[in-house]
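*Asks:* File follows, model-v8.cif with mmCIF, C-alpha atoms:
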```
data_query
#
loop_
_atom_site.label_atom_id
_atom_site.label_comp_id
_atom_site.auth_asym_id
_atom_site.auth_seq_id
_atom_site.Cartn_x
_atom_site.Cartn_y
_atom_site.Cartn_z
CA MET A 1493 72.15 80.65 129.75
CA THR A 1494 71.13 84.13 128.67
CA ASP A 1495 73.06 86.31 126.22
CA GLY A 1496 74.19 88.47 129.12
CA GLU A 1497 75.45 85.50 131.13
CA LEU A 1498 77.31 84.12 128.13
CA ASP A 1499 78.86 87.52 127.44
CA ASP A 1500 79.92 87.77 131.10
CA LEU A 1501 81.51 84.34 130.88
CA VAL A 1502 83.43 85.29 127.74
CA ARG A 1503 84.47 88.69 129.14
CA SER A 1504 85.72 87.31 132.44
CA ALA A 1505 87.70 84.61 130.62
CA ALA A 1506 89.31 87.19 128.31
CA MET A 1507 90.10 89.54 131.19
CA ALA A 1508 91.79 86.69 133.08
CA GLU A 1509 94.21 86.18 130.21
CA PRO A 1510 97.55 87.85 130.97
CA ILE A 1511 98.54 90.65 128.60
CA ALA A 1512 102.05 92.05 128.47
CA ALA A 1513 101.25 95.57 127.41
CA GLU A 1514 104.28 97.42 128.84
CA PRO A 1515 106.89 96.18 126.34
CA VAL A 1516 104.53 96.91 123.48
CA GLU A 1517 103.85 100.40 124.82
CA ARG A 1518 107.58 101.07 125.12
CA GLU A 1519 108.12 99.92 121.55
CA ILE A 1520 105.26 102.04 120.25
CA ARG A 1521 106.53 105.15 122.08
CA HIS A 1522 109.99 104.49 120.69
CA ARG A 1523 108.71 104.11 117.16
CA LEU A 1524 106.59 107.23 117.39
CA ARG A 1525 109.62 109.34 118.25
CA PRO A 1526 111.48 111.02 115.39
CA GLN A 1527 114.56 108.93 114.76
CA ARG A 1528 117.57 111.25 114.71
CA GLY A 1529 119.69 108.32 113.55
CA ARG A 1530 117.60 108.08 110.43
CA TRP A 1531 118.51 111.67 109.56
CA TYR A 1532 122.17 110.94 110.10
CA ALA A 1533 121.88 107.86 107.91
CA ALA A 1534 120.07 109.82 105.21
CA VAL A 1535 122.70 112.57 105.24
CA ALA A 1536 125.54 110.03 105.24
CA GLY A 1537 123.88 108.21 102.36
CA ALA A 1538 123.49 111.43 100.38
CA VAL A 1539 127.14 112.36 100.96
CA ALA A 1540 128.29 108.88 99.93
CA ALA A 1541 126.12 109.05 96.80
CA ALA A 1542 127.56 112.47 95.95
CA VAL A 1543 131.12 111.17 96.39
CA VAL A 1544 130.40 108.12 94.23
CA ALA A 1545 128.74 110.31 91.60
CA GLY A 1546 131.68 112.72 91.70
CA VAL A 1547 134.19 109.92 91.28
CA TRP A 1548 132.11 108.44 88.51
CA LEU A 1549 131.71 111.71 86.63
CA THR A 1550 135.32 112.80 86.97
CA ARG A 1551 136.97 109.50 86.21
CA PRO A 1552 138.89 109.32 82.91
CA PRO A 1553 137.47 107.77 79.75
CA ARG A 1554 137.67 104.02 79.46
CA GLU A 1555 140.41 104.24 76.80
CA PHE A 1556 142.70 106.02 79.28
CA ARG A 1557 142.12 103.45 82.00
CA ASP A 1558 142.51 100.50 79.63
CA ALA A 1559 145.70 101.92 78.16
CA ALA A 1560 147.21 102.52 81.60
CA ARG A 1561 146.42 98.96 82.64
CA ASP A 1562 147.64 97.50 79.36
CA HIS A 1563 150.95 99.37 79.57
CA ARG A 1564 151.47 98.23 83.15
CA VAL A 1565 150.76 94.58 82.37
CA GLU A 1566 152.52 94.26 79.00
CA VAL A 1567 155.41 96.74 79.24
CA VAL A 1568 156.16 97.39 82.92
CA GLU A 1569 155.49 93.86 84.19
CA HIS A 1570 156.66 92.18 80.94
CA GLN A 1571 153.92 89.60 80.91
CA PRO A 1572 154.43 87.34 77.88
CA ARG A 1573 152.89 88.64 74.65
CA HIS A 1574 153.54 88.08 70.95
CA TRP A 1575 155.45 91.22 70.00
CA LYS A 1576 156.73 92.18 66.58
CA THR A 1577 160.42 92.92 67.03
CA ASP A 1578 161.76 92.35 63.53
CA PRO A 1579 163.56 95.61 62.52
CA VAL A 1580 162.19 95.53 58.99
CA GLU A 1581 158.63 95.14 60.18
CA LEU A 1582 159.10 97.86 62.77
CA ARG A 1583 160.43 100.29 60.16
CA GLU A 1584 157.35 99.62 58.02
CA ILE A 1585 155.09 100.31 60.98
CA GLU A 1586 156.93 103.52 61.81
CA ALA A 1587 156.68 104.70 58.24
CA ARG A 1588 152.98 103.94 58.08
CA ASP A 1589 151.98 105.62 61.33
CA ALA A 1590 154.57 108.41 61.02
CA ILE A 1591 154.92 108.95 64.75
CA ALA A 1592 157.85 111.20 65.56
CA ALA A 1593 159.85 110.03 68.56
CA PRO A 1594 162.07 112.21 70.75
CA GLU A 1595 165.78 112.01 70.19
CA GLY A 1596 167.34 108.98 71.83
CA PHE A 1597 164.15 106.88 71.59
CA ARG A 1598 163.70 103.99 69.17
CA LEU A 1599 160.80 101.70 68.37
CA LYS A 1600 161.44 98.53 70.36
CA ALA A 1601 158.33 96.42 69.71
CA ALA A 1602 154.83 96.57 68.28
CA LYS A 1603 151.65 94.50 68.30
CA ARG A 1604 147.93 94.72 67.83
CA CYS A 1605 146.16 95.32 71.12
CA GLY A 1606 142.61 95.55 72.44
CA ILE A 1607 141.77 98.85 74.15
CA ALA A 1608 138.23 99.73 75.21
CA GLY A 1609 136.84 97.10 72.86
CA ARG A 1610 138.82 98.35 69.87
CA LEU A 1611 141.79 96.75 68.10
CA VAL A 1612 144.57 99.33 68.01
CA THR A 1613 148.32 99.45 67.26
CA HIS A 1614 150.48 99.36 70.35
CA LEU A 1615 153.99 100.78 69.82
CA VAL A 1616 156.67 100.58 72.51
CA TYR A 1617 159.52 103.07 72.37
CA THR A 1618 162.58 102.94 74.59
CA ASP A 1619 165.59 105.10 75.37
CA GLY A 1620 167.33 102.09 76.86
CA VAL A 1621 166.04 102.84 80.35
CA HIS A 1622 162.45 103.98 80.05
CA ASP A 1623 159.70 102.42 77.98
CA VAL A 1624 156.87 104.50 76.56
CA SER A 1625 153.74 103.07 74.93
CA LEU A 1626 151.88 104.71 72.09
CA TYR A 1627 148.41 103.45 71.35
CA VAL A 1628 147.43 104.60 67.86
CA MET A 1629 143.69 105.02 67.78
CA SER A 1630 141.24 107.60 66.55
CA GLY A 1631 138.74 109.63 68.47
CA VAL A 1632 140.28 109.77 71.92
CA SER A 1633 140.36 112.91 73.97
CA GLY A 1634 140.42 113.81 77.61
CA ARG A 1635 142.48 115.29 80.36
CA ASP A 1636 145.82 113.80 81.32
CA TYR A 1637 145.48 110.92 83.73
CA GLU A 1638 147.96 109.34 86.09
CA ALA A 1639 147.62 105.86 87.51
CA GLY A 1640 150.23 103.84 89.39
CA GLY A 1641 153.08 106.19 88.45
CA GLN A 1642 152.19 106.02 84.74
CA TRP A 1643 151.00 109.05 82.86
CA VAL A 1644 148.35 108.88 80.13
CA HIS A 1645 148.17 111.69 77.59
CA ALA A 1646 146.00 111.99 74.48
CA PHE A 1647 147.82 113.18 71.34
CA ARG A 1648 146.75 114.19 67.87
CA THR A 1649 148.87 114.87 64.79
CA GLY A 1650 147.93 115.52 61.20
CA ARG A 1651 147.87 111.79 60.41
CA ALA A 1652 147.44 109.95 63.67
CA SER A 1653 146.00 110.22 67.11
CA GLY A 1654 146.05 108.12 70.23
CA LEU A 1655 147.40 107.82 73.73
CA ILE A 1656 150.90 108.06 75.18
CA VAL A 1657 151.49 106.02 78.33
CA GLY A 1658 154.64 105.84 80.42
CA PRO A 1659 156.73 107.66 83.02
CA PRO A 1660 155.59 111.31 83.23
CA ALA A 1661 158.86 112.94 82.14
CA GLU A 1662 159.32 110.72 79.09
CA CYS A 1663 155.65 111.02 78.14
CA ARG A 1664 155.97 114.82 78.16
CA GLN A 1665 158.95 114.56 75.86
CA PHE A 1666 156.87 112.50 73.45
CA ALA A 1667 153.93 114.86 73.75
CA ASN A 1668 156.12 117.90 72.94
CA VAL A 1669 157.69 116.26 69.91
CA ILE A 1670 154.41 114.92 68.56
CA GLN A 1671 152.73 118.29 69.05
CA ARG A 1672 155.38 119.93 66.88
CA THR A 1673 154.92 117.51 63.99
CA MET D 598 108.13 116.04 122.29
CA SER D 599 105.75 117.83 120.00
CA GLN D 600 102.34 118.77 121.31
CA THR D 601 100.55 116.66 118.71
CA ARG D 602 102.47 113.50 119.50
CA GLU D 603 101.97 114.11 123.19
CA GLU D 604 98.24 114.44 122.57
CA PHE D 605 98.20 111.27 120.49
CA GLU D 606 100.01 109.27 123.14
CA ARG D 607 97.79 110.66 125.87
CA THR D 608 94.54 109.81 124.09
CA ALA D 609 95.43 106.66 122.17
CA LEU D 610 97.80 104.67 124.38
CA PRO D 611 95.27 104.07 127.22
CA HIS D 612 93.46 101.70 124.84
CA LEU D 613 96.51 99.57 124.25
CA ARG D 614 95.43 96.68 126.48
CA SER D 615 91.99 96.47 124.84
CA LEU D 616 93.57 96.45 121.41
CA LEU D 617 96.09 93.78 122.42
CA ARG D 618 93.37 91.61 123.91
CA PHE D 619 91.22 91.93 120.79
CA ALA D 620 94.19 91.42 118.45
CA ARG D 621 95.05 88.28 120.37
CA ARG D 622 91.57 86.93 119.62
CA ILE D 623 91.57 87.70 115.91
CA THR D 624 95.15 86.66 115.16
CA GLY D 625 95.38 83.67 117.49
CA SER D 626 98.91 84.54 118.49
CA ALA D 627 100.35 86.85 121.12
CA ALA D 628 103.31 87.74 118.91
CA GLN D 629 101.15 88.54 115.89
CA ALA D 630 98.84 90.52 118.14
CA GLU D 631 101.75 92.68 119.31
CA ASP D 632 102.86 93.27 115.72
CA LEU D 633 99.34 94.12 114.66
CA VAL D 634 98.83 96.56 117.52
CA GLN D 635 102.15 98.30 116.87
CA GLU D 636 101.20 98.62 113.23
CA THR D 637 97.81 99.95 114.27
CA TYR D 638 99.36 102.70 116.40
CA LEU D 639 101.78 103.74 113.68
CA LEU D 640 98.93 103.90 111.16
CA ALA D 641 96.83 105.82 113.66
CA TRP D 642 99.64 108.29 114.30
CA ARG D 643 100.04 108.88 110.57
CA GLY D 644 96.32 109.50 110.25
CA PHE D 645 95.92 111.42 113.49
CA ASN D 646 95.38 114.68 111.60
CA GLY D 647 92.21 113.13 110.20
CA TYR D 648 90.89 112.20 113.61
CA THR D 649 88.15 114.47 114.96
CA PRO D 650 88.97 115.42 118.56
CA GLY D 651 86.24 114.37 120.94
CA SER D 652 84.94 111.54 118.74
CA ASN D 653 85.22 107.92 119.84
CA ILE D 654 88.96 107.31 119.59
CA ARG D 655 88.63 103.76 120.87
CA ALA D 656 86.28 102.81 118.02
CA TRP D 657 88.60 104.67 115.61
CA LEU D 658 91.60 102.64 116.80
CA PHE D 659 89.69 99.36 116.54
CA ARG D 660 88.64 100.24 112.99
CA ILE D 661 92.27 100.87 112.06
CA LEU D 662 93.28 97.57 113.64
CA ILE D 663 90.58 95.68 111.74
CA ASN D 664 91.70 97.25 108.46
CA ALA D 665 95.36 96.60 109.23
CA ASN D 666 94.54 92.98 109.91
CA ARG D 667 92.70 92.74 106.60
CA GLY D 668 95.66 94.24 104.79
CA VAL D 669 98.09 91.51 105.71
CA ALA D 670 97.93 87.77 105.44
CA ARG D 671 97.65 86.63 108.97
CA ARG D 672 97.16 83.22 110.43
CA ARG D 673 93.58 82.17 110.40
CA PHE D 674 92.17 79.87 112.97
CA ALA D 675 91.21 76.37 112.04
CA THR D 676 87.52 76.54 112.58
CA ILE D 677 85.45 73.49 113.21
CA PRO D 678 81.99 73.00 111.76
CA ILE D 679 79.42 74.04 114.27
CA PRO D 680 75.99 72.48 113.84
CA THR D 681 72.99 74.67 114.30
CA ALA D 682 71.80 73.99 117.79
CA GLU D 683 68.08 74.42 118.05
CA SER D 684 67.86 73.13 121.55
CA LEU D 685 70.74 73.21 123.93
CA PRO D 686 70.85 72.15 127.55
CA GLY D 687 69.50 74.83 129.81
CA GLY D 688 70.99 75.98 133.06
CA LYS D 689 74.36 77.45 133.84
CA LEU D 690 77.44 76.38 131.94
CA ARG D 691 80.51 76.06 134.07
CA ALA D 692 83.80 76.29 132.20
CA GLU D 693 87.34 77.31 132.95
CA PRO D 694 88.56 80.56 131.32
CA PHE D 695 90.89 78.71 128.97
CA GLU D 696 88.01 76.51 127.83
CA VAL D 697 85.86 79.55 127.11
CA LEU D 698 88.67 81.21 125.14
CA ASP D 699 89.39 77.98 123.31
CA ALA D 700 85.74 77.79 122.28
CA LEU D 701 85.82 81.44 121.23
CA ASP D 702 88.93 80.85 119.15
CA ARG D 703 87.16 78.04 117.32
CA LEU D 704 84.41 80.29 116.02
CA PRO D 705 84.52 81.46 112.42
CA GLU D 706 86.46 84.72 112.21
CA GLU D 707 83.46 86.95 111.53
CA GLN D 708 81.58 85.61 114.54
CA ARG D 709 84.64 85.67 116.79
CA THR D 710 85.30 89.30 115.85
CA VAL D 711 81.78 90.47 116.57
CA LEU D 712 81.49 88.57 119.84
CA SER D 713 84.88 89.86 120.99
CA LEU D 714 83.96 93.45 120.21
CA CYS D 715 80.56 93.21 121.91
CA ALA D 716 81.07 90.85 124.83
CA ILE D 717 84.69 91.56 125.74
CA GLU D 718 85.25 95.15 124.62
CA GLY D 719 81.73 96.35 125.35
CA PHE D 720 80.99 98.02 122.03
CA THR D 721 77.38 98.48 121.07
CA GLY D 722 75.90 97.05 117.91
CA PRO D 723 76.01 100.38 116.02
CA GLU D 724 79.62 100.93 117.12
CA VAL D 725 80.61 97.47 115.87
CA SER D 726 78.74 98.19 112.66
CA GLU D 727 80.84 101.33 112.20
CA ILE D 728 84.11 99.65 113.16
CA LEU D 729 83.62 96.75 110.77
CA GLY D 730 81.90 98.76 108.06
CA VAL D 731 79.00 96.32 107.79
CA PRO D 732 75.26 96.90 108.31
CA LEU D 733 73.90 96.68 111.83
CA GLY D 734 71.67 93.73 110.83
CA THR D 735 74.75 91.80 109.77
CA VAL D 736 76.41 92.53 113.08
CA MET D 737 73.42 91.34 115.06
CA SER D 738 73.01 88.13 113.06
CA ARG D 739 76.71 87.33 113.41
CA LEU D 740 76.47 88.02 117.12
CA SER D 741 73.48 85.75 117.46
CA ARG D 742 75.19 82.92 115.58
CA ALA D 743 78.35 83.42 117.63
CA ARG D 744 76.49 83.13 120.94
CA GLN D 745 74.60 80.09 119.74
CA ALA D 746 77.81 78.40 118.61
CA MET D 747 79.52 79.23 121.91
CA ARG D 748 76.71 77.67 123.87
CA HIS D 749 76.92 74.56 121.74
CA LEU D 750 80.70 74.28 122.02
CA LEU D 751 80.69 74.78 125.77
CA ALA D 752 77.82 72.36 126.26
CA SER D 753 79.58 69.70 124.17
CA ARG D 754 82.67 70.18 126.28
CA MET D 755 80.70 69.82 129.49
CA GLU D 756 79.06 66.65 128.18
CA LYS D 757 82.46 65.14 127.41
CA VAL D 758 83.73 66.04 130.87
CA SER D 759 80.72 64.57 132.63
CA LYS D 760 80.95 61.23 130.74
#
```
Starting from the file, lay out its structure as structure tokens.
*Replies:*
Amino acid sequence: MTDGELDDLVRSAAMAEPIAAEPVEREIRHRLRPQRGRWYAAVAGAVAAAVVAGVWLTRPPREFRDAARDHRVEVVEHQPRHWKTDPVELREIEARDAIAAPEGFRLKAAKRCGIAGRLVTHLVYTDGVHDVSLYVMSGVSGRDYEAGGQWVHAFRTGRASGLIVGPPAECRQFANVIQRT
Amino acid sequence: MSQTREEFERTALPHLRSLLRFARRITGSAAQAEDLVQETYLLAWRGFNGYTPGSNIRAWLFRILINANRGVARRRFATIPIPTAESLPGGKLRAEPFEVLDALDRLPEEQRTVLSLCAIEGFTGPEVSEILGVPLGTVMSRLSRARQAMRHLLASRMEKVSK
């Protein structure tokens, strides 16, 4: 058998093999076309990333978020905690931290509390109806923040600084009094 | 449709069947051949600006396919040792198409590739040399060994059938 005869044999065998080219051609033509959906997906992705970045950048400092959650769990929902409620102890704490409370409010309870990885003093004032938390801690600042109906406000006096957390109206009362001291 | 893509489809897609047939031989699988050919066309489209109009687009596409196949781990055929046949039975070999293709698929990849390009796709030695990026002498020696091995495989098969 010559080279030519062998090549003919191989060629005719290969040509007899069925080849489904049409589906492949359709797929290739489809893939060669610009995919408008990809642009939509890219734009949607960019918008989503911008929204996430915006939320991330504008969200309050961790201390604000932790304080709001802590107040909700420990004061609003009254989950069991070891509070100091002895009047003598509370008077000592008040004298030490020298936080001025609005008229009608009294220190109801106090404890040490973890906020944003720091151990801080948590004071709970009440007017008999509303409870307001004061977290005495240094170096907090930021814009007022509201979460779940609770207001979080950073305060600073000559001797102490921290966060006030509670119903908005009562928190403002505290903020005004503290600001004057 | 942009003019360039239209031109690409018009000049490149007519060679789809040849590429599929060749890809089928070097991958050993119809599904892998389809994947490889699709990949080849996408690569070709990306590089179409580098293609010189009027040059051999078929050889250009085959070169891209060969390189694409080298770039990925694809199934390799289980080749069987083929003894050097100094003297093989003369006369015509009669074999069914599937037997011929089975024998072709048993060749070592380098030989199978060269024989497929020359015998099936009709490329000349220099064209195959350019497509594969190997010297012409290498192409011709691989082609010679491939033909010799094919003769031996087909003859062995005929002997078994006749016994």
*Asks:* List the neighbours of range 716-731 of chain D out to 12 Å using only C-alpha atoms; skip same-chain residues closer than 4 positions along the sequence, and give me the result as a VMD selection string.
*Replies:* (chain A and resid 1495 to 1509) or (chain D and resid 612 614 to 620 622 652 to 667 698 701 707 to 712 735 to 741 743 to 744)
*Asks:* Measure the distance from CA of His1522 in chain A to CA of Ala627 in chain D in Å and round it to one decimal.
*Replies:*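 One can read the CA of His1522 in chain A to CA of Ala627 in chain D distance as 20.1 Å.
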*Asks:* The PyMOL selection byres ((chain A and resi 1657) around 6) on the file shown: which residues, as a PyMOL selection string?
*Replies:* chain A and resi 1624-1625+1643-1644+1656+1658
*Asks:* CA of Phe605 in chain D and CA of Ile1520 in chain A are how many Å apart?
*Replies:* 11.6 Å
*Asks:* CA of Val1628 in chain A and CA of Thr1613 in chain A are how many Å apart?
*Replies:*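 Separation between CA of Val1628 in chain A and CA of Thr1613 in chain A: 5.3 Å.
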*Asks:* Give as a count of residues only the residues that the PyMOL selection byres ((chain D and resi 696) around 12) matches when applied to the coordinates above.
*Replies:* 27
*Asks:* Considering all atoms listed in the file, state which residue in the set D:Thr601, D:Ser713, D:Thr624, D:Thr608 is at the smallest distance from chain A.
*Replies:*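 Once distances to chain A are computed over all atoms listed in the file, the minimum belongs to D:Ser713.
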*Asks:* With only C-alpha atoms as the counted atoms, please give the residues lying no more than 10 Å from Glu1595 in chain A, apart from itself and same-chain residues fewer than 3 positions off, as a ChimeraX atom specification.
*Replies:* /A:1592,1598,1619,1665-1666,1669
*Asks:* Skipping near chain neighbours, those fewer than 2 positions away, what residues fall within 9 Å of Arg1648 in chain A using only C-alpha atoms, listed as a list in words?
*Replies:*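 Contacts, with the query itself left out: Ser1630, Val1632, Ser1633, Ala1646, Gly1650, Arg1651, Ala1652, Ser1653, Gly1654, Leu1655, Ile1670 and Gln1671 of chain A.
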*Asks:* With distances taken over all atoms listed in the file, which residue among A:Val1580, A:Ile1607, A:Ala1602, A:Val1516 lies nearest Arg1561 in chain A?
*Replies:* A:Ile1607
*Asks:* Determine the residue membership of the PyMOL selection byres ((chain A and resi 1634) around 9) for the file above and supply it as a list in words.
*Replies:*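 With the PyMOL selection byres ((chain A and resi 1634) around 9) on this model, the match is Pro1552, Pro1553, Phe1556, Val1632, Ser1633, Arg1635, Asp1636, Tyr1637, His1645 and Ala1646 of chain A.
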*Asks:* Save the residues we just selected, C-alpha atoms, as an mmCIF file, in the coordinates of the input?
*Replies:*
```
data_model
loop_
_atom_site.group_PDB
_atom_site.id
_atom_site.type_symbol
_atom_site.label_atom_id
_atom_site.label_comp_id
_atom_site.auth_asym_id
_atom_site.auth_seq_id
_atom_site.Cartn_x
_atom_site.Cartn_y
_atom_site.Cartn_z
ATOM 1 C CA PRO A 1552 138.890 109.320 82.910
ATOM 2 C CA PRO A 1553 137.470 107.770 79.750
ATOM 3 C CA PHE A 1556 142.700 106.020 79.280
ATOM 4 C CA VAL A 1632 140.280 109.770 71.920
ATOM 5 C CA SER A 1633 140.360 112.910 73.970
ATOM 6 C CA ARG A 1635 142.480 115.290 80.360
ATOM 7 C CA ASP A 1636 145.820 113.800 81.320
ATOM 8 C CA TYR A 1637 145.480 110.920 83.730
ATOM 9 C CA HIS A 1645 148.170 111.690 77.590
ATOM 10 C CA ALA A 1646 146.000 111.990 74.480
#
```
*Asks:* Identify the residues around (100.4, 99.1, 127.6) within a radius of 8 Å, measuring from all atoms listed in the file in the coordinates stated by the file, and give them as a list in words.
*Replies:* Ala1512, Ala1513, Glu1514, Pro1515, Val1516, Glu1517 and Arg1518 of chain A; Leu610, Pro611, His612, Leu613 and Arg614 of chain D
